[in-house]
file query_22.txt (compact mmCIF, C-alpha atoms)
# COMPACT_ATOMS: atom_id res chain seq x y z
CA MET A 1 8.55 -33.32 15.65
CA ILE A 2 10.08 -35.48 18.36
CA GLU A 3 13.81 -35.02 18.76
CA LYS A 4 14.78 -38.70 18.61
CA GLU A 5 13.06 -39.16 15.23
CA MET A 6 15.01 -36.40 13.60
CA ARG A 7 17.47 -37.49 11.01
CA VAL A 8 19.44 -34.26 11.14
CA ARG A 9 19.82 -31.90 14.03
CA ARG A 10 17.82 -28.70 14.45
CA ILE A 11 19.37 -25.56 13.07
CA GLU A 12 19.84 -22.28 14.89
CA HIS A 13 19.36 -19.84 12.04
CA GLY A 14 18.40 -20.49 8.43
CA THR A 15 15.76 -22.13 6.29
CA VAL A 16 14.23 -25.59 6.26
CA ILE A 17 12.65 -26.58 3.00
CA ASP A 18 10.33 -29.48 3.78
CA HIS A 19 7.92 -31.62 1.73
CA ILE A 20 10.12 -31.46 -1.36
CA THR A 21 8.97 -33.92 -4.02
CA ALA A 22 11.09 -37.04 -3.42
CA GLY A 23 14.17 -37.02 -5.61
CA GLN A 24 14.26 -33.25 -6.16
CA ALA A 25 16.55 -32.27 -3.26
CA LEU A 26 19.64 -32.03 -5.45
CA ASN A 27 17.77 -29.83 -7.91
CA VAL A 28 16.75 -27.60 -5.00
CA LEU A 29 20.43 -27.28 -4.08
CA ARG A 30 21.21 -26.40 -7.67
CA ILE A 31 18.56 -23.67 -7.61
CA LEU A 32 20.11 -22.29 -4.44
CA GLY A 33 23.52 -22.30 -6.10
CA ILE A 34 24.90 -24.74 -3.55
CA SER A 35 27.62 -27.06 -4.81
CA GLY A 36 30.70 -28.82 -3.47
CA THR A 37 32.70 -25.61 -3.71
CA THR A 38 30.39 -23.39 -1.67
CA ASN A 39 30.81 -22.92 2.07
CA ALA A 40 27.17 -23.15 3.11
CA VAL A 41 26.29 -25.55 5.93
CA VAL A 42 23.62 -27.76 4.41
CA SER A 43 21.81 -30.93 5.47
CA VAL A 44 19.97 -33.00 2.92
CA ALA A 45 17.55 -35.85 3.59
CA MET A 46 16.20 -37.83 0.69
CA ASN A 47 13.31 -40.26 0.38
CA VAL A 48 12.24 -39.76 3.98
CA PRO A 49 8.94 -41.53 4.77
CA SER A 50 6.10 -39.01 4.94
CA GLU A 51 2.52 -39.60 6.01
CA VAL A 52 1.13 -37.10 3.54
CA MET A 53 3.44 -37.62 0.58
CA GLY A 54 4.61 -41.23 0.89
CA SER A 55 8.18 -40.05 0.71
CA LYS A 56 9.78 -36.66 0.56
CA ASP A 57 13.09 -34.81 0.56
CA ILE A 58 14.19 -32.15 3.06
CA VAL A 59 16.89 -29.51 2.71
CA LYS A 60 18.19 -27.41 5.61
CA VAL A 61 20.36 -24.44 4.83
CA GLU A 62 22.00 -22.61 7.71
CA ASP A 63 22.32 -18.85 8.01
CA ARG A 64 20.33 -18.10 4.90
CA GLU A 65 16.83 -16.90 4.06
CA LEU A 66 15.54 -17.36 0.52
CA GLU A 67 14.82 -14.75 -2.11
CA GLU A 68 11.35 -14.70 -3.66
CA GLU A 69 12.82 -15.68 -7.01
CA GLU A 70 14.47 -18.73 -5.47
CA VAL A 71 11.17 -19.79 -3.94
CA ASP A 72 9.50 -19.39 -7.38
CA ARG A 73 12.05 -21.73 -8.89
CA ILE A 74 11.62 -24.28 -6.12
CA SER A 75 7.85 -24.20 -6.59
CA LEU A 76 8.33 -25.39 -10.17
CA ILE A 77 10.04 -28.65 -9.22
CA ALA A 78 8.53 -29.13 -5.76
CA PRO A 79 5.03 -27.65 -5.82
CA ASN A 80 4.15 -28.95 -2.33
CA ALA A 81 7.26 -27.70 -0.57
CA THR A 82 7.02 -25.71 2.65
CA ILE A 83 9.50 -23.04 3.60
CA ASN A 84 10.34 -22.69 7.32
CA ILE A 85 12.36 -19.71 8.38
CA ILE A 86 14.30 -20.44 11.56
CA ARG A 87 15.74 -17.92 14.01
CA ASP A 88 17.15 -18.97 17.42
CA PHE A 89 15.99 -22.57 16.84
CA LYS A 90 12.40 -21.39 16.42
CA VAL A 91 10.21 -21.44 13.32
CA ILE A 92 9.31 -17.79 12.98
CA GLU A 93 7.60 -18.13 9.63
CA LYS A 94 6.22 -21.07 7.69
CA TYR A 95 4.59 -20.96 4.28
CA LEU A 96 3.73 -23.09 1.26
CA VAL A 97 5.49 -22.33 -1.98
CA ASP A 98 3.12 -20.88 -4.54
CA LEU A 99 3.64 -20.99 -8.27
CA PRO A 100 3.43 -17.52 -9.78
CA GLU A 101 1.15 -17.04 -12.81
CA ARG A 102 4.01 -15.74 -14.89
CA LEU A 103 7.73 -16.49 -14.85
CA GLU A 104 10.33 -14.08 -16.14
CA GLY A 105 13.95 -15.06 -16.62
CA VAL A 106 13.50 -18.28 -14.65
CA VAL A 107 13.14 -20.94 -17.34
CA LYS A 108 14.91 -21.15 -20.68
CA CYS A 109 12.68 -21.93 -23.67
CA ALA A 110 13.37 -25.40 -25.07
CA ASN A 111 12.81 -24.24 -28.65
CA PRO A 112 16.24 -23.42 -30.11
CA ASN A 113 14.58 -21.26 -32.77
CA CYS A 114 12.67 -19.14 -30.25
CA ILE A 115 13.46 -15.42 -30.27
CA SER A 116 14.18 -15.67 -26.52
CA ASN A 117 17.20 -17.85 -27.37
CA THR A 118 19.00 -15.24 -29.48
CA ASN A 119 21.20 -12.21 -28.93
CA GLU A 120 18.07 -10.02 -28.90
CA PRO A 121 17.53 -8.01 -25.70
CA VAL A 122 14.72 -10.20 -24.43
CA THR A 123 14.09 -12.19 -21.21
CA SER A 124 12.31 -15.52 -21.33
CA LYS A 125 8.68 -15.28 -20.23
CA PHE A 126 6.26 -18.09 -19.51
CA THR A 127 2.65 -18.25 -18.43
CA VAL A 128 2.00 -20.95 -15.85
CA ASN A 129 -0.74 -23.53 -15.66
CA LYS A 130 -0.68 -24.97 -12.14
CA LYS A 131 -2.42 -28.33 -12.35
CA PRO A 132 -0.79 -30.04 -14.12
CA ILE A 133 2.26 -27.80 -14.24
CA GLU A 134 2.60 -26.54 -17.80
CA LEU A 135 4.69 -23.58 -18.85
CA ARG A 136 3.86 -21.84 -22.10
CA CYS A 137 6.46 -19.59 -23.73
CA ILE A 138 4.76 -16.27 -24.48
CA TYR A 139 6.95 -15.85 -27.55
CA CYS A 140 6.83 -19.15 -29.41
CA ASP A 141 3.96 -20.93 -27.56
CA LEU A 142 6.11 -23.95 -26.74
CA VAL A 143 4.71 -25.87 -23.76
CA ILE A 144 7.11 -27.37 -21.22
CA SER A 145 5.49 -29.92 -18.92
CA GLU A 146 8.24 -32.44 -18.22
CA GLY A 147 11.80 -32.19 -17.00
CA ILE A 148 11.32 -28.58 -15.91
CA ALA A 149 14.45 -28.73 -13.72
CA GLU A 150 16.58 -29.11 -16.86
CA HIS A 151 15.27 -25.85 -18.24
CA LEU A 152 15.90 -23.69 -15.19
CA ILE A 153 18.22 -20.79 -15.92
CA MET B 1 -2.20 -0.47 -29.31
CA TYR B 2 -3.59 -2.85 -31.88
CA HIS B 3 -0.91 -5.48 -32.51
CA ILE B 4 -1.75 -8.63 -34.44
CA ILE B 5 0.60 -11.33 -33.17
CA SER B 6 -1.17 -14.63 -32.56
CA MET B 7 -4.69 -16.01 -32.98
CA ARG B 8 -4.60 -16.88 -29.29
CA ASP B 9 -4.88 -13.18 -28.50
CA PHE B 10 -8.30 -12.93 -30.14
CA SER B 11 -11.73 -13.76 -28.81
CA ARG B 12 -14.44 -14.93 -31.17
CA ASP B 13 -16.11 -11.51 -30.99
CA GLU B 14 -12.88 -9.80 -32.00
CA ILE B 15 -12.45 -12.19 -34.92
CA ASP B 16 -16.03 -11.54 -36.06
CA LEU B 17 -15.33 -7.81 -35.93
CA ILE B 18 -12.35 -8.22 -38.28
CA LEU B 19 -14.26 -10.48 -40.67
CA ASN B 20 -17.18 -8.05 -40.85
CA LYS B 21 -14.84 -5.15 -41.44
CA ALA B 22 -13.22 -7.12 -44.28
CA LYS B 23 -16.63 -7.66 -45.85
CA GLN B 24 -17.30 -3.93 -45.74
CA LEU B 25 -13.97 -3.26 -47.47
CA GLU B 26 -14.32 -5.91 -50.18
CA PRO B 27 -15.47 -3.44 -52.88
CA ILE B 28 -12.27 -1.46 -52.30
CA ALA B 29 -10.22 -4.65 -52.59
CA LYS B 30 -11.83 -5.09 -55.99
CA GLY B 31 -10.79 -1.63 -57.15
CA LYS B 32 -13.25 0.96 -55.78
CA LYS B 33 -11.29 4.11 -54.92
CA SER B 34 -10.56 4.82 -51.27
CA ASP B 35 -8.57 7.31 -49.20
CA LEU B 36 -9.15 5.65 -45.82
CA LEU B 37 -5.41 5.45 -45.15
CA LEU B 38 -4.32 8.46 -47.19
CA GLY B 39 -1.14 9.92 -45.72
CA LYS B 40 -0.32 6.76 -43.76
CA ILE B 41 2.86 4.77 -44.28
CA LEU B 42 3.21 1.03 -43.83
CA ALA B 43 6.65 -0.56 -43.43
CA THR B 44 7.00 -4.14 -44.59
CA LEU B 45 9.95 -5.91 -42.95
CA PHE B 46 10.44 -9.30 -44.55
CA PHE B 47 13.47 -11.13 -43.19
CA GLU B 48 12.40 -14.22 -45.09
CA PRO B 49 11.23 -14.57 -48.66
CA SER B 50 7.50 -14.36 -49.24
CA THR B 51 5.74 -13.20 -52.33
CA ARG B 52 2.02 -13.48 -51.88
CA THR B 53 1.86 -12.29 -48.29
CA ARG B 54 4.01 -9.25 -49.05
CA LEU B 55 2.17 -8.47 -52.29
CA SER B 56 -1.25 -8.72 -50.73
CA PHE B 57 -0.24 -6.40 -47.88
CA GLU B 58 1.13 -3.90 -50.38
CA THR B 59 -2.02 -4.13 -52.48
CA ALA B 60 -4.20 -3.73 -49.43
CA MET B 61 -2.30 -0.62 -48.28
CA LYS B 62 -2.23 0.99 -51.74
CA ARG B 63 -5.91 0.34 -52.44
CA LEU B 64 -6.66 2.21 -49.20
CA GLY B 65 -4.68 5.19 -50.42
CA GLY B 66 -1.60 4.61 -48.24
CA GLU B 67 2.10 4.28 -48.99
CA VAL B 68 4.48 1.36 -48.44
CA ILE B 69 8.17 1.35 -47.56
CA ASP B 70 10.37 -1.74 -47.26
CA LEU B 71 13.82 -2.88 -46.21
CA GLY B 72 15.19 -3.26 -49.70
CA ALA B 73 17.67 -6.03 -50.27
CA LEU B 74 18.60 -7.61 -46.94
CA GLU B 75 22.27 -7.89 -47.99
CA VAL B 76 22.69 -4.11 -48.06
CA SER B 77 20.51 -3.19 -45.08
CA SER B 78 21.74 -2.71 -41.54
CA VAL B 79 20.45 -6.21 -40.78
CA ALA B 80 23.43 -7.54 -42.73
CA LYS B 81 25.64 -5.53 -40.38
CA GLY B 82 24.27 -7.53 -37.47
CA GLU B 83 21.71 -5.10 -36.07
CA THR B 84 19.28 -6.71 -33.64
CA LEU B 85 15.62 -6.92 -34.55
CA ALA B 86 14.80 -4.89 -31.45
CA ASP B 87 16.90 -1.99 -32.80
CA THR B 88 15.54 -2.27 -36.35
CA ILE B 89 12.00 -2.12 -34.99
CA ARG B 90 12.68 0.94 -32.81
CA VAL B 91 14.17 2.75 -35.80
CA VAL B 92 11.52 1.82 -38.34
CA ALA B 93 8.71 2.62 -35.89
CA ASN B 94 9.84 6.23 -36.23
CA TYR B 95 9.32 6.16 -39.99
CA ALA B 96 6.01 4.34 -40.37
CA ASP B 97 2.49 4.18 -38.94
CA ALA B 98 2.47 0.39 -38.76
CA ILE B 99 4.92 -2.47 -39.37
CA VAL B 100 4.29 -5.78 -41.07
CA LEU B 101 6.93 -8.28 -39.98
CA ARG B 102 8.03 -11.67 -41.24
CA HIS B 103 10.96 -13.21 -39.42
CA PRO B 104 12.59 -16.66 -39.31
CA ARG B 105 12.51 -16.88 -35.48
CA GLU B 106 9.44 -18.02 -33.58
CA GLY B 107 8.15 -15.31 -31.28
CA ALA B 108 9.89 -12.48 -33.19
CA ALA B 109 6.63 -10.55 -33.64
CA ARG B 110 5.76 -10.74 -29.95
CA MET B 111 9.16 -9.33 -29.06
CA ALA B 112 8.88 -6.67 -31.77
CA ALA B 113 5.58 -5.53 -30.24
CA GLU B 114 7.38 -4.99 -26.91
CA TYR B 115 9.75 -2.58 -28.63
CA SER B 116 7.46 -0.84 -31.12
CA ARG B 117 5.55 2.38 -30.66
CA VAL B 118 3.42 1.57 -33.72
CA PRO B 119 1.23 -1.51 -34.35
CA ILE B 120 3.02 -4.72 -35.38
CA ILE B 121 1.28 -7.11 -37.73
CA ASN B 122 2.80 -10.58 -37.71
CA ALA B 123 3.14 -11.94 -41.25
CA GLY B 124 4.74 -15.19 -40.09
CA ASP B 125 7.43 -15.92 -37.51
CA GLY B 126 9.44 -19.03 -38.29
CA ALA B 127 7.35 -22.12 -37.90
CA GLY B 128 5.20 -20.09 -35.51
CA HIS B 129 2.19 -17.89 -35.98
CA HIS B 130 0.71 -16.55 -39.17
CA PRO B 131 -2.52 -14.96 -37.97
CA THR B 132 -3.38 -13.09 -41.16
CA GLN B 133 -3.42 -16.42 -43.03
CA THR B 134 -5.78 -17.86 -40.43
CA LEU B 135 -8.05 -14.82 -40.63
CA LEU B 136 -8.24 -15.01 -44.42
CA ASP B 137 -9.00 -18.74 -44.17
CA LEU B 138 -11.85 -17.98 -41.76
CA TYR B 139 -13.06 -15.22 -44.05
CA THR B 140 -13.06 -17.59 -47.03
CA ILE B 141 -15.16 -20.08 -45.06
CA MET B 142 -17.54 -17.30 -44.00
CA ARG B 143 -17.96 -16.02 -47.58
CA GLU B 144 -18.00 -19.32 -49.47
CA SER B 145 -19.52 -21.68 -46.90
CA SER B 146 -20.52 -21.03 -43.29
CA LEU B 147 -18.69 -20.75 -39.98
CA SER B 148 -21.66 -21.99 -37.99
CA GLY B 149 -22.22 -25.73 -37.79
CA LEU B 150 -19.07 -26.17 -39.84
CA ARG B 151 -17.73 -29.63 -40.66
CA ILE B 152 -14.18 -29.39 -41.91
CA ALA B 153 -11.37 -31.80 -42.80
CA LEU B 154 -7.81 -30.57 -42.25
CA VAL B 155 -5.54 -32.59 -44.49
CA GLY B 156 -1.79 -33.03 -44.86
CA ASP B 157 1.06 -32.20 -42.52
CA LEU B 158 -0.68 -31.60 -39.21
CA LYS B 159 2.48 -32.11 -37.17
CA TYR B 160 4.84 -29.42 -38.43
CA GLY B 161 2.33 -27.21 -40.26
CA ARG B 162 1.69 -24.66 -37.58
CA THR B 163 -0.60 -22.51 -39.69
CA VAL B 164 -2.96 -25.48 -39.51
CA HIS B 165 -2.60 -25.43 -35.74
CA SER B 166 -3.63 -21.82 -35.54
CA LEU B 167 -6.54 -22.38 -37.94
CA ALA B 168 -7.69 -25.36 -35.86
CA TYR B 169 -7.46 -23.24 -32.72
CA ALA B 170 -9.57 -20.48 -34.28
CA LEU B 171 -12.11 -23.00 -35.60
CA SER B 172 -12.45 -24.40 -32.10
CA LEU B 173 -13.81 -20.99 -31.05
CA TYR B 174 -16.60 -21.63 -33.58
CA HIS B 175 -17.15 -25.15 -32.19
CA ALA B 176 -16.34 -26.65 -35.57
CA ASP B 177 -16.52 -30.38 -36.14
CA MET B 178 -12.98 -31.18 -37.28
CA THR B 179 -11.63 -34.28 -38.96
CA LEU B 180 -7.86 -34.50 -38.99
CA VAL B 181 -6.52 -36.40 -41.98
CA SER B 182 -2.81 -37.14 -42.07
CA PRO B 183 -0.27 -39.92 -42.43
CA LYS B 184 0.58 -41.48 -39.04
CA GLN B 185 4.00 -39.73 -38.97
CA LEU B 186 2.40 -36.33 -39.42
CA GLU B 187 -0.44 -36.45 -36.90
CA MET B 188 -1.33 -33.37 -34.92
CA PRO B 189 0.69 -33.23 -31.66
CA ASP B 190 -1.23 -34.30 -28.53
CA VAL B 191 -0.62 -31.03 -26.71
CA ILE B 192 -2.48 -29.18 -29.47
CA LYS B 193 -5.34 -31.65 -29.65
CA LYS B 194 -5.76 -31.37 -25.89
CA ASP B 195 -5.89 -27.61 -26.24
CA LEU B 196 -8.58 -27.79 -28.93
CA LYS B 197 -10.73 -30.16 -26.91
CA LYS B 198 -10.46 -27.81 -23.95
CA GLN B 199 -12.05 -25.15 -26.19
CA GLY B 200 -14.93 -27.50 -26.93
CA ALA B 201 -13.98 -28.69 -30.40
CA VAL B 202 -15.10 -32.07 -31.73
CA ILE B 203 -12.09 -33.89 -33.20
CA ARG B 204 -11.84 -37.08 -35.20
CA GLU B 205 -8.75 -38.57 -36.78
CA THR B 206 -8.29 -40.74 -39.82
CA THR B 207 -5.64 -41.56 -42.40
CA LYS B 208 -8.17 -42.02 -45.23
CA LEU B 209 -9.44 -38.93 -46.98
CA GLU B 210 -11.97 -40.79 -49.15
CA ASP B 211 -13.88 -41.91 -46.05
CA VAL B 212 -14.81 -38.40 -45.00
CA MET B 213 -15.55 -36.76 -48.36
CA GLY B 214 -19.33 -37.12 -48.06
CA ASP B 215 -19.52 -35.69 -44.53
CA ILE B 216 -17.71 -32.37 -44.76
CA ASP B 217 -18.45 -28.82 -45.87
CA VAL B 218 -14.82 -27.72 -46.26
CA LEU B 219 -11.76 -29.66 -47.37
CA TYR B 220 -8.65 -27.77 -46.28
CA ILE B 221 -5.54 -29.36 -47.76
CA THR B 222 -1.96 -28.20 -47.23
CA ARG B 223 1.38 -28.87 -48.81
CA ILE B 224 3.68 -31.30 -47.05
CA GLN B 225 6.76 -29.11 -46.64
CA LYS B 226 9.99 -30.79 -47.64
CA GLU B 227 12.10 -28.33 -45.63
CA ARG B 228 10.50 -29.51 -42.38
CA PHE B 229 11.92 -33.02 -42.70
CA PRO B 230 15.38 -33.70 -41.27
CA ASP B 231 15.63 -36.86 -43.41
CA PRO B 232 14.73 -36.68 -47.15
CA ALA B 233 13.84 -40.39 -47.13
CA GLU B 234 11.15 -39.68 -44.52
CA TYR B 235 9.76 -36.95 -46.75
CA LEU B 236 9.56 -39.26 -49.77
CA LYS B 237 7.58 -41.78 -47.70
CA VAL B 238 4.76 -39.30 -47.07
CA ALA B 239 5.03 -36.92 -50.04
CA GLY B 240 1.98 -37.23 -52.22
CA SER B 241 0.01 -39.07 -49.51
CA TYR B 242 -3.06 -37.06 -50.38
CA ARG B 243 -4.15 -35.89 -53.74
CA VAL B 244 -7.47 -34.30 -54.56
CA THR B 245 -8.54 -35.65 -57.94
CA GLU B 246 -11.71 -35.69 -60.03
CA GLU B 247 -12.12 -39.28 -58.92
CA LEU B 248 -12.01 -38.37 -55.24
CA ILE B 249 -14.48 -35.50 -55.47
CA LYS B 250 -17.15 -37.77 -56.93
CA LYS B 251 -17.73 -38.72 -53.31
CA ALA B 252 -18.10 -35.08 -52.21
CA SER B 253 -21.25 -33.57 -50.82
CA ASP B 254 -22.81 -31.01 -53.14
CA SER B 255 -21.92 -27.93 -51.11
CA LEU B 256 -18.27 -28.89 -50.50
CA ILE B 257 -15.58 -26.25 -50.99
CA ILE B 258 -11.88 -27.03 -51.38
CA MET B 259 -9.31 -24.67 -49.87
CA HIS B 260 -5.50 -24.56 -50.05
CA PRO B 261 -3.17 -21.82 -48.74
CA LEU B 262 -1.03 -22.10 -51.92
CA PRO B 263 1.50 -22.58 -53.38
CA ARG B 264 0.43 -26.13 -54.19
CA MET B 265 2.65 -28.91 -55.38
CA ASP B 266 0.58 -31.85 -56.56
CA GLU B 267 -2.00 -31.97 -53.75
CA ILE B 268 -4.77 -30.83 -56.06
CA ALA B 269 -5.00 -32.04 -59.65
CA PRO B 270 -5.35 -29.13 -62.13
CA ALA B 271 -8.60 -30.67 -63.42
CA VAL B 272 -10.20 -29.90 -60.05
CA ASP B 273 -9.68 -26.15 -60.67
CA ARG B 274 -12.57 -26.18 -63.14
CA THR B 275 -15.03 -27.83 -60.77
CA LYS B 276 -17.57 -25.96 -58.63
CA TYR B 277 -15.72 -27.08 -55.51
CA ALA B 278 -12.47 -25.17 -56.03
CA ARG B 279 -12.09 -22.01 -53.92
CA TYR B 280 -8.31 -21.66 -53.47
CA PHE B 281 -7.93 -18.75 -55.87
CA GLU B 282 -10.84 -16.90 -54.25
CA GLN B 283 -9.12 -17.67 -50.95
CA SER B 284 -5.93 -15.94 -52.13
CA PHE B 285 -7.97 -12.89 -53.18
CA TYR B 286 -9.63 -12.72 -49.76
CA GLY B 287 -6.19 -12.05 -48.30
CA VAL B 288 -6.58 -8.48 -49.57
CA PRO B 289 -9.84 -7.43 -47.83
CA VAL B 290 -8.79 -9.19 -44.62
CA ARG B 291 -5.41 -7.43 -44.56
CA MET B 292 -7.18 -4.16 -45.38
CA ALA B 293 -9.39 -4.64 -42.35
CA LEU B 294 -6.36 -5.23 -40.14
CA LEU B 295 -4.50 -2.21 -41.54
CA VAL B 296 -7.49 0.05 -41.02
CA MET B 297 -8.07 -1.22 -37.49
CA ALA B 298 -4.39 -0.86 -36.64
CA MET B 299 -3.94 2.63 -38.08
CA GLU B 300 -7.19 4.44 -37.52
CA THR B 301 -6.38 4.61 -33.81
CA THR B 302 -2.80 5.88 -34.21
call {"tool": "encode", "arguments": {"input": "query_22.txt", "output": "C-alpha cells"}}
result
Amino acid sequence: MIEKEMRVRRIEHGTVIDHITAGQALNVLRILGISGTTNAVVSVAMNVPSEVMGSKDIVKVEDRELEEEEVDRISLIAPNATINIIRDFKVIEKYLVDLPERLEGVVKCANPNCISNTNEPVTSKFTVNKKPIELRCIYCDLVISEGIAEHLI
Amino acid sequence: MYHIISMRDFSRDEIDLILNKAKQLEPIAKGKKSDLLLGKILATLFFEPSTRTRLSFETAMKRLGGEVIDLGALEVSSVAKGETLADTIRVVANYADAIVLRHPREGAARMAAEYSRVPIINAGDGAGHHPTQTLLDLYTIMRESSLSGLRIALVGDLKYGRTVHSLAYALSLYHADMTLVSPKQLEMPDVIKKDLKKQGAVIRETTKLEDVMGDIDVLYITRIQKERFPDPAEYLKVAGSYRVTEELIKKASDSLIIMHPLPRMDEIAPAVDRTKYARYFEQSFYGVPVRMALLVMAMETT
C-alpha cells in the first residue's frame, strides 16, 4: 500500500481488520466491545473502494491482538475479512477469518421457546453452513440466515 | 448411548432397522407374552398433557415385561418448586433404565440427553420434534402401503405443524413424491422445502385436495391446531379447509390409504371410517410396536 493513498496512518502495534463487508465495521467494533466509553485507540474506515470487493470497511485497533472467539464472531458478519497482526509497524501475521463448523455461546437462538433461552444450564450451540451462511440451532433446529449481527451474544 | 431425539439424527438404514424390529415385535404388541425387558424400569416424564403417547409407551413397556414410573401430578413434584429440567433428568436417570420425555420447550430432549446417563426418548418437545410419531407413521406406510415409490399428499397445517415437517424430512430419505396441500396461509416454510429438495425429494404444491386424489397412495391429513394461531379470526378463516368425505374419496385410487395422527376434529367424516381406505386406527395401534422397538434398542445395550 502506498503511503499517500492511506486514509488512516499506519499503526505501531495492534490489529488491522481489512476486507470487512461494507457496512459491518460498527458491528465489528461491537464484537470487540469497543464503544464511546472505552479507551482503545481505534480507526475506522467505511465504504472504502476495493478492487476485489467493490467497497469494504477497515478497522484498526491499537495495542490489541484478537482472541480466537472474537475472530469467530467477526467471521460470521464479515466472512472475507483478513486479520493483520502488527508489531513495530510490520505485519507479522496475516490470515483470513474462517468460520468454524460449530459455534458455542456465540449466537443467541432467535426462538424464544428454545430450551437454550431458559434458566437451564445450557449454552447455545449452532452448526454452521458456510455458503450461504446458515446457522442451525442444535436444540430447536431454528435456522438463522439473516441479520446474524443482531443475534450475537 | 441410544438417544432418540430428532429424525435428523437417523439415516435411512437406521430407520429401516427400527421398522424391521417393530415388525418382529408386533405379535407381542398384540398380546403375546414377553420378558424382553423384565427387570427394567422406564420413567415417563410428561411436562405437558398427552394421553395417547404416554399410554402407548406404558403399554409398550408393560407388554415387554418392564415397569413404568412417572412424575405423578406436576403440581406436587419438585418441578413445581422450580427445579431445572437438567436437575430432574440427573436425578431420575439414577432411578430408571430409560427416560421418555415430553416438554413444552423446543430442544428440551436434546439438552436432557446431554445430562442423562440413560437413554432419552423424545416424546415431543414444544412445537419441535416428535420422532416416535414420525417412526410410527413410516411404519404404518410400510405395513399398509409401501415406502418405495411412494406418492403421498400431506394435507392441512404445513406451516406450524412440525410433526409434518419431520415426517416430510424422513420421507425425503425414501425419495417419496410429495404433494403439499394447504391453504395459502399455512404453506410449508421455504427453509424446510429447500431442505427436502436438497435430500432429493420431489415436491408439488396445491391448495386443492380433490385434484390429487387419483394420483396418490397415501393421504396424510392433520388437524389445524387452534392454539397455534395468535388471532382467532385467522383460525376461523382456515378451519375446516379440508374435509375427507365419502364424496371426495370417490376420486381416490383403489389402493389409497388415509392416515391421521389423531385426535381428529372434523377433518375426516365418520362415514369414511367404514371404507377400505381408513387406516388411522391401525396407525394408532402401530405406535405400540414401534415404541417397543425403540425401548428394546435403547435398553438392551444398557
call {"tool": "interface_residues", "arguments": {"input": "query_22.txt", "of": "chain A", "to": "chain B", "cutoff": "12 Å", "atoms": "all atoms listed in the file", "output": "PyMOL selection string"}}
result
chain A and resi 109-125+134+136-145
call {"tool": "residues_near_point", "arguments": {"input": "query_22.txt", "point": "(20.2, -32.9, -2.2)", "cutoff": "10 Å", "atoms": "all atoms listed in the file", "output": "CSV table (one decimal) with C-alpha atoms, in the coordinates of the input"}}
result
chain,number,residue,atom,x,y,z
A,23,GLY,CA,14.2,-37.0,-5.6
A,24,GLN,CA,14.3,-33.2,-6.2
A,25,ALA,CA,16.6,-32.3,-3.3
A,26,LEU,CA,19.6,-32.0,-5.4
A,27,ASN,CA,17.8,-29.8,-7.9
A,28,VAL,CA,16.8,-27.6,-5.0
A,29,LEU,CA,20.4,-27.3,-4.1
A,30,ARG,CA,21.2,-26.4,-7.7
A,34,ILE,CA,24.9,-24.7,-3.6
A,35,SER,CA,27.6,-27.1,-4.8
A,42,VAL,CA,23.6,-27.8,4.4
A,43,SER,CA,21.8,-30.9,5.5
A,44,VAL,CA,20.0,-33.0,2.9
A,45,ALA,CA,17.6,-35.8,3.6
A,46,MET,CA,16.2,-37.8,0.7
A,57,ASP,CA,13.1,-34.8,0.6
A,58,ILE,CA,14.2,-32.2,3.1
A,59,VAL,CA,16.9,-29.5,2.7
A,60,LYS,CA,18.2,-27.4,5.6
call {"tool": "residues_around", "arguments": {"input": "query_22.txt", "residues": "B:Ala269", "least_positions_apart": "3", "cutoff": "10 Å", "atoms": "only C-alpha atoms", "output": "list in words"}}
result
Arg243, Val244, Thr245, Glu246, Arg264, Met265, Asp266, Val272 and Asp273 of chain B
call {"tool": "residues_around", "arguments": {"input": "query_22.txt", "residues": "B:Ile18", "least_positions_apart": "6", "cutoff": "8 Å", "atoms": "only C-alpha atoms", "output": "PDB file with C-alpha atoms, keeping the file's coordinate frame"}}
result
ATOM      1  CA  VAL B 290      -8.790  -9.190 -44.620  1.00  0.00           C
ATOM      2  CA  ALA B 293      -9.390  -4.640 -42.350  1.00  0.00           C
ATOM      3  CA  LEU B 294      -6.360  -5.230 -40.140  1.00  0.00           C
TER       4      LEU B 294
END
call {"tool": "atom_distance", "arguments": {"input": "query_22.txt", "atom1": "atom CA of A:Arg102", "atom2": "atom CA of B:Asp190"}}
result
23.6 Å
call {"tool": "closest_residue", "arguments": {"input": "query_22.txt", "among": "B:Lys250, B:His175, B:Arg291, B:Arg52", "to": "B:Lys276", "atoms": "only C-alpha atoms"}}
result
B:Lys250
call {"tool": "axis_aligned_box", "arguments": {"input": "query_22.txt", "around": "stretch 42-59 of chain A", "padding_each_side": "6 Å", "output": "JSON"}}
result
{"center_x": 12.4, "center_y": -34.6, "center_z": 3.2, "size_x": 34.5, "size_y": 25.8, "size_z": 17.6}
call {"tool": "atom_distance", "arguments": {"input": "query_22.txt", "atom1": "atom CA of A:Thr21", "atom2": "atom CA of A:Val8"}}
result
18.4 Å
call {"tool": "atom_distance", "arguments": {"input": "query_22.txt", "atom1": "atom CA of B:Val288", "atom2": "atom CA of B:Phe57"}}
result
6.9 Å
call {"tool": "residues_around", "arguments": {"input": "query_22.txt", "residues": "B:Glu144", "least_positions_apart": "6", "cutoff": "12 Å", "atoms": "all atoms listed in the file", "output": "PDB file with C-alpha atoms, in the coordinates of the input"}}
result
ATOM      1  CA  LEU B 136      -8.240 -15.010 -44.420  1.00  0.00           C
ATOM      2  CA  ASP B 137      -9.000 -18.740 -44.170  1.00  0.00           C
ATOM      3  CA  LEU B 138     -11.850 -17.980 -41.760  1.00  0.00           C
ATOM      4  CA  LEU B 150     -19.070 -26.170 -39.840  1.00  0.00           C
ATOM      5  CA  ASP B 217     -18.450 -28.820 -45.870  1.00  0.00           C
ATOM      6  CA  VAL B 218     -14.820 -27.720 -46.260  1.00  0.00           C
ATOM      7  CA  SER B 255     -21.920 -27.930 -51.110  1.00  0.00           C
ATOM      8  CA  LEU B 256     -18.270 -28.890 -50.500  1.00  0.00           C
ATOM      9  CA  ILE B 257     -15.580 -26.250 -50.990  1.00  0.00           C
ATOM     10  CA  ILE B 258     -11.880 -27.030 -51.380  1.00  0.00           C
ATOM     11  CA  MET B 259      -9.310 -24.670 -49.870  1.00  0.00           C
ATOM     12  CA  LYS B 276     -17.570 -25.960 -58.630  1.00  0.00           C
ATOM     13  CA  TYR B 277     -15.720 -27.080 -55.510  1.00  0.00           C
ATOM     14  CA  ALA B 278     -12.470 -25.170 -56.030  1.00  0.00           C
ATOM     15  CA  ARG B 279     -12.090 -22.010 -53.920  1.00  0.00           C
ATOM     16  CA  TYR B 280      -8.310 -21.660 -53.470  1.00  0.00           C
ATOM     17  CA  PHE B 281      -7.930 -18.750 -55.870  1.00  0.00           C
ATOM     18  CA  GLU B 282     -10.840 -16.900 -54.250  1.00  0.00           C
ATOM     19  CA  GLN B 283      -9.120 -17.670 -50.950  1.00  0.00           C
ATOM     20  CA  TYR B 286      -9.630 -12.720 -49.760  1.00  0.00           C
TER      21      TYR B 286
END
